[in-house]
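Below you'll find the structure, written out as C-alpha cells, and then a few comments.
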Amino acid sequence: MTETGTGRVVLVGAPLGNIGDASARLREVLTGADVVAAEDTRRLLRLARDLEVTVTGRIVSYFEGNEERRTPDLVDALRAGKVVAVVTDGGMPSVSDPGYRLVRAALDAGFPVTAAPGPSAVTTALALSGLPSDRFCFEGFLPRTGSGRRSRLRELAAEPRTLVFFEAPHRITAALTDLAATFGAEREAAVCRELTKTYEEIRRGPLGELVAWSAETGPRGEITVVVAGAPAGPAERPADADLRAAVAEREAAGASRRDAVQAVADAYGLRKREVYALVHTAP
C-alpha cells in the first residue's frame, strides 16, 4: 500500500540496531510519507542511507524537548491531507519515545492512525530473559532520583507479573541495587544490553548477583531490565524470625532500615509499625 492520500499518521518501527530487521513496509513508508517526524534527523538519514532509500518528504525533528510545541504543526499537515510518519531512534514510537502526543492529537482531530510495526526492545528483552512472559507490565524508565525510584519500586514489590524497565547505563547499578533492596536479592532478573547489536549481552541471575556484576563491569549502551514478578504470598503470616531475616537481607543489599521495613511490610501485607517493632525487639 502506497503511503499517500488522506491525512493520517503512520508510526514506524525502526530497527533496534541490526539493519537486517528493517521491514519492506518501513522502506515504503519512509520513501512515500509527505512528512517524516524523526526523534533524531541525523539518525534518520543514516538509517535511510543504510536501507538505500531516499526520504522525499519533509523531515522535521520530533523529540521530547519539542514534541509539545511541534505537534500542532503536524496536525496542520494532516489537515492538508499529508501522510505524517513518526520514527524514533529504535523500536516503536510512543513507547517511552516521542509519538503519544501526536497520536492523541490526531485522533482527537479525527484523523486515522496506523503503524508499520517493527522491533520492540520491550518484547525482545522479555522473550530473551527466560522469565515468564504470559503476563507482564512495562514500567518504562524509573525515576532518576534515588528516593523517587525506591518509592516507585515499593509500589511494585508485590506485583505478580513480570516487570520490564528501561534504564540508562550511568544509573543501572543504582537501579539494580534498589531493586535488590526492595524486591529481595534472590528475585530473578535479566539485564539485556545492546539488543540485536554486535555486542548484545543478556545477563541473567538473582538481583543480588546482577548488582555485583554491574558494579564491577559498568555496562554501557541501551539497557532493558526484566524482573520476575513477586511470588505468590504465603498462606499464613511468616514467622517473626523470617520477617527479621527479610529485613536484614534488604539492608544487606543496600536499603536503609526504613525502606527495608516498608518493603517487607508491603510484600506480606503487614503494617509497617508491626514489622518495625519486630526488628527492634529482636531477641
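Just remember, in the C-alpha cells the first chain shown is A, the second B, etc., residues are 1-based per chain, and ligands are 1-based in the order shown.
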Exercise. Taking the backbone alone, and naming residues the way the document does, which bits of segment 23-105 of chain A are strand (DSSP E or B) by DSSP, as a list in words?
Worked result: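 Those residues are Val35, Val36, Ala37, Ala38, Arg58, Ile59, Val60, Ser61, Val83, Val84, Ala85, Val86, Val87 and Gly91 of chain A.
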Exercise. Among segment 76-167 of chain A, which ones does DSSP place in alpha helix (DSSP H), written as JSON, numbers by chain?
Worked result: {"A": [76, 77, 78, 79, 100, 101, 102, 103, 104, 105, 106, 107, 108, 121, 122, 123, 124, 125, 126, 127, 128, 129, 146, 147, 148, 149, 150, 151, 152, 153, 154, 155, 156]}
For this session: Quote the spacing between atom CA of Met92 of chain A and atom CA of Glu67 of chain A in Å to one decimal place.
Result: 16.0 Å
Exercise. For Asn18 of chain A, which residue out of A:Glu139, A:Asp266, A:Glu200, A:Asp178 is the nearest one, using only C-alpha atoms?
Worked result: A:Glu200
For this session: For Thr114 of chain A, work out the shell of residues within 8 Å, counting only C-alpha atoms and skipping chain neighbours fewer than 4 positions away, then give it as a list in words.
Result: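 Everything that qualifies: Arg8, Val9, Val10 and Leu11 of chain A.
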Exercise. Could you state the separation of atom CA of Ala267 of chain A and atom CA of Phe166 of chain A in Å, given to one decimal place?
Worked result: 23.4 Å
